[in-house]
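Q: Sharing a structure, written as structure tokens. Questions coming.
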Amino acid sequence: MTYPSIGTDGIAIQSFQDIYDELEAGYKGIYGEDINLDSDSPDGQRIGIEAQARLDLQSYALALYNQLDPDFAVGEALNRLVKFTGITRNPSKRSTVSVTIVTDRNITLESGYVVADTIGQNWTTTTENSLTTGSNSVSMVSELFGAYEAEASTITEPVTIILGITSITNASAATVGEDEETDEALRIRRNFSLVVPQTSTVGGMYTALANLQDVTRVKIYENDQDTIDTEYTIDPHTIWVIVEGAEDNAIAQIIAETKTGGTGLKGSEEGTYLETLIKPDGTSFIYTHTANFDRPSDQSLYIELTVTRKDATIETDITSIKSALAALTYDIAESVQASSLYSTVLAVSDTFVVTSLEISLDDITYTDGEEEADADGIITIDTANISVTEVI
């Protein structure tokens, strides 16, 4: 029988059955072996209630213990822990939309005017608007924060009734907002932030870029030599930054703030960072930084595999095989070994064996070995590019 404990290996709690058995043994030790502890007896029910109470208390202790570890903490506890690494949870953002309001008179539209869409979502103004007779363009936001959608011509039902407004509609779909960053996403971003910025310029830049909202992948190449890097075509004393996600200017700001002076930048994308500097007399001026970088390019992986049924009567679930392979994700410049895909295929079912599996990046030359991604490439797998041959 196990017992609750806190030691060098962490915290351990009992199962409901462990607690129940312990209480049952205690009752029999007091009242004798012939005591009726059936689940429908008064003493049996008492043991069940007490066992559940003890389990709840131990579970609370375990949850509290886990809240001290950022890899297990949730909600507000996780919010407090990530502050130690200098980051905070990305908040939710409202969706925005431009609506056309037609009036038959001049109207002052107060902040908080509400219109509903066809599925009952409310949209509201956040500022006062002066409307004139005829058509007026008004900016509105979703009443709730988060990724709320609205197709064109769906925001039409006034919730706030104002005389003089004859019609409301939105010519274009709403710009969808963002849900609050999930615990899982925040944990991933925290782990990125643990690269110590002081170790190197590239390390600090990588950390800062990885912490940008919406960034999902980062790759940085550095040529610190006096000659061109022929492998990646990088000029001397130049860095090549590749980022997936985030806005151009936000990326440019990080690059400008973290790269050393005089370092060249490779890339076809360009962002601008406007830095406010203070003169000795206390006045300020704007210094404009421009930074070049690149976005990753997708590289389609083609897969040809043959599966053989173990039992000729059991049909292979080819759709699930393709879905499992298509769910795989890879980093920038990450290569793929054909052999690494076997486990994904075999995890779908044990009703077949994989007798061959080859991959290709051009759908012409296939290999059972490795396919190397480009320096700025991300290998992606689409179900349409997977061919499965079933042998009965």
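Please note that chains go A, B, ... in the order of the structure tokens, that every chain numbers its residues from 1, and that ligands are numbered from 1 in the order shown.
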Can you list every residue in region 205-355 of chain A that DSSP puts in alpha helix (DSSP H), as a ChimeraX atom specification?

A: /A:205-210,248-258,318-326,342-346

Q: For Ser320 (chain A), work out the shell of residues within 12 Å, counting only C-alpha atoms and skipping chain neighbours fewer than 6 positions away, then give it as a list in words.

A: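 Neighbouring residues, sequence-local ones excluded: Ala326, Ala327, Thr344, Val345, Leu346, Ala347, Val348, Ser349, Thr383, Ile386 and Val388 of chain A.
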
Q: One decimal, in Å: what's the spacing between CA of Val336 (chain A) and CA of Leu186 (chain A)?

A: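 Between CA of Val336 (chain A) and CA of Leu186 (chain A) the gap is 27.5 Å.
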
Q: Suppose you want the space between CA of Pro296 (chain A) and CA of Ala324 (chain A); what is it in Å?

A: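 That distance, rounded to one decimal, is 23.4 Å.
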
Q: For the strand (DSSP E or B) assignment from backbone DSSP, which residues of region 139-245 of chain A qualify? Please present them as an MDAnalysis selection string.

A: chainID A and resid 139:142 155:158 165:169 175 178 217:223 229 234 238:244

Q: For Gly120 (chain A), list every protein, DNA or RNA residue within 9 Å, evaluated using only C-alpha atoms, and leave out those in the same chain fewer than 3 positions away; present the list as a list in words.

A: Ala116, Asp117 and Glu157 of chain A

Q: Keeping only C-alpha atoms, write those residues as a PDB file, in the first residue's frame.

A:
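Result written to selection-v2.pdb:
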ATOM      1  CA  ALA A 116     -25.458  42.293 -33.628  1.00  0.00           C
ATOM      2  CA  ASP A 117     -24.501  40.019 -36.498  1.00  0.00           C
ATOM      3  CA  GLU A 157     -29.178  44.027 -36.468  1.00  0.00           C
TER       4      GLU A 157
END

Q: Near region 176-178 of chain A, within 12 Å and counting only C-alpha atoms, which residues show up once chain neighbours fewer than 3 positions away are dropped, as a ChimeraX atom specification?

A: /A:90-97,141-151,172-173,181-182,213-214

Q: If we count only C-alpha atoms and set the cut-off at 10 Å, which residues sit around Phe285 (chain A), ignoring sequence neighbours fewer than 5 positions away in its own chain? Please answer as a VMD selection string.

A: chain A and resid 274 to 279

Q: Please produce an output containing N, CA and C atoms for each residue in the selection, written as a PDB file, in the first residue's frame.

A:
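This went into part-v6.pdb:
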ATOM      1  N   LEU A 274      11.663  53.043 -35.865  1.00  0.00           N
ATOM      2  CA  LEU A 274      11.884  54.459 -35.594  1.00  0.00           C
ATOM      3  C   LEU A 274      12.279  54.617 -34.122  1.00  0.00           C
ATOM      4  N   GLU A 275      13.528  54.972 -33.893  1.00  0.00           N
ATOM      5  CA  GLU A 275      14.046  55.098 -32.537  1.00  0.00           C
ATOM      6  C   GLU A 275      14.096  56.572 -32.137  1.00  0.00           C
ATOM      7  N   THR A 276      13.524  56.879 -30.992  1.00  0.00           N
ATOM      8  CA  THR A 276      13.538  58.247 -30.485  1.00  0.00           C
ATOM      9  C   THR A 276      14.780  58.454 -29.628  1.00  0.00           C
ATOM     10  N   LEU A 277      15.623  59.424 -30.023  1.00  0.00           N
ATOM     11  CA  LEU A 277      16.858  59.720 -29.298  1.00  0.00           C
ATOM     12  C   LEU A 277      16.772  61.129 -28.697  1.00  0.00           C
ATOM     13  N   ILE A 278      17.420  61.292 -27.557  1.00  0.00           N
ATOM     14  CA  ILE A 278      17.377  62.577 -26.849  1.00  0.00           C
ATOM     15  C   ILE A 278      18.702  63.318 -27.052  1.00  0.00           C
ATOM     16  N   LYS A 279      18.607  64.566 -27.501  1.00  0.00           N
ATOM     17  CA  LYS A 279      19.790  65.411 -27.681  1.00  0.00           C
ATOM     18  C   LYS A 279      20.271  65.929 -26.322  1.00  0.00           C
TER      19      LYS A 279
END

Q: Taking into account only C-alpha atoms, which residue in the set A:Asp368, A:Thr263, A:Ala252, A:Lys219 is nearest to Asp331 (chain A)?

A: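 Smallest separation from Asp331 (chain A) among the options: A:Lys219.
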
Q: Within 10 Å of region 244-246 of chain A, counting only C-alpha atoms, which residues qualify if same-chain residues fewer than 2 places away don't, as a ChimeraX atom specification?

A: /A:209-210,212-219,242,248-251,294-297,332,378

Q: Take the residues just selected and output them with N, CA and C atoms as a tab-separated table (two decimals), in the first residue's frame.

A:
chain	number	residue	atom	x	y	z
A	209	LEU	N	13.62	37.53	-30.76
A	209	LEU	CA	12.72	37.24	-31.87
A	209	LEU	C	11.74	36.14	-31.51
A	210	ALA	N	12.22	35.11	-30.83
A	210	ALA	CA	11.36	34.00	-30.45
A	210	ALA	C	10.27	34.43	-29.48
A	212	LEU	N	8.70	37.32	-29.66
A	212	LEU	CA	7.72	38.18	-30.30
A	212	LEU	C	6.39	37.45	-30.46
A	213	GLN	N	5.30	38.17	-30.28
A	213	GLN	CA	3.99	37.58	-30.45
A	213	GLN	C	3.82	37.08	-31.88
A	214	ASP	N	3.27	35.88	-32.02
A	214	ASP	CA	2.96	35.23	-33.29
A	214	ASP	C	4.18	34.61	-33.98
A	215	VAL	N	5.38	34.75	-33.43
A	215	VAL	CA	6.53	34.09	-34.03
A	215	VAL	C	6.47	32.60	-33.71
A	216	THR	N	6.61	31.77	-34.75
A	216	THR	CA	6.55	30.33	-34.58
A	216	THR	C	7.88	29.63	-34.88
A	217	ARG	N	8.72	30.24	-35.73
A	217	ARG	CA	10.01	29.65	-36.06
A	217	ARG	C	11.03	30.76	-36.31
A	218	VAL	N	12.27	30.50	-35.90
A	218	VAL	CA	13.36	31.46	-36.11
A	218	VAL	C	14.62	30.68	-36.50
A	219	LYS	N	15.37	31.23	-37.43
A	219	LYS	CA	16.68	30.68	-37.79
A	219	LYS	C	17.62	31.84	-38.09
A	242	ILE	N	15.91	34.59	-40.48
A	242	ILE	CA	14.70	34.04	-41.12
A	242	ILE	C	13.66	33.86	-40.02
A	248	ASP	N	6.57	42.87	-39.83
A	248	ASP	CA	7.88	43.24	-40.35
A	248	ASP	C	8.59	44.24	-39.46
A	249	ASN	N	7.88	45.29	-39.03
A	249	ASN	CA	8.52	46.35	-38.25
A	249	ASN	C	8.90	45.87	-36.84
A	250	ALA	N	8.13	44.95	-36.29
A	250	ALA	CA	8.48	44.39	-34.98
A	250	ALA	C	9.76	43.58	-35.08
A	251	ILE	N	9.92	42.84	-36.16
A	251	ILE	CA	11.15	42.08	-36.38
A	251	ILE	C	12.31	43.02	-36.59
A	294	ASP	N	14.45	37.52	-43.99
A	294	ASP	CA	13.67	36.70	-44.91
A	294	ASP	C	12.58	35.94	-44.18
A	295	ARG	N	11.58	35.57	-44.94
A	295	ARG	CA	10.55	34.65	-44.47
A	295	ARG	C	10.90	33.25	-44.98
A	296	PRO	N	10.56	32.21	-44.22
A	296	PRO	CA	10.86	30.86	-44.69
A	296	PRO	C	9.99	30.47	-45.88
A	297	SER	N	10.50	29.58	-46.70
A	297	SER	CA	9.75	29.08	-47.85
A	297	SER	C	9.33	27.63	-47.58
A	332	ILE	N	12.79	25.34	-39.48
A	332	ILE	CA	13.50	25.89	-40.64
A	332	ILE	C	14.80	25.11	-40.83
A	378	ILE	N	11.11	25.19	-45.00
A	378	ILE	CA	10.37	24.40	-44.02
A	378	ILE	C	9.69	23.27	-44.78
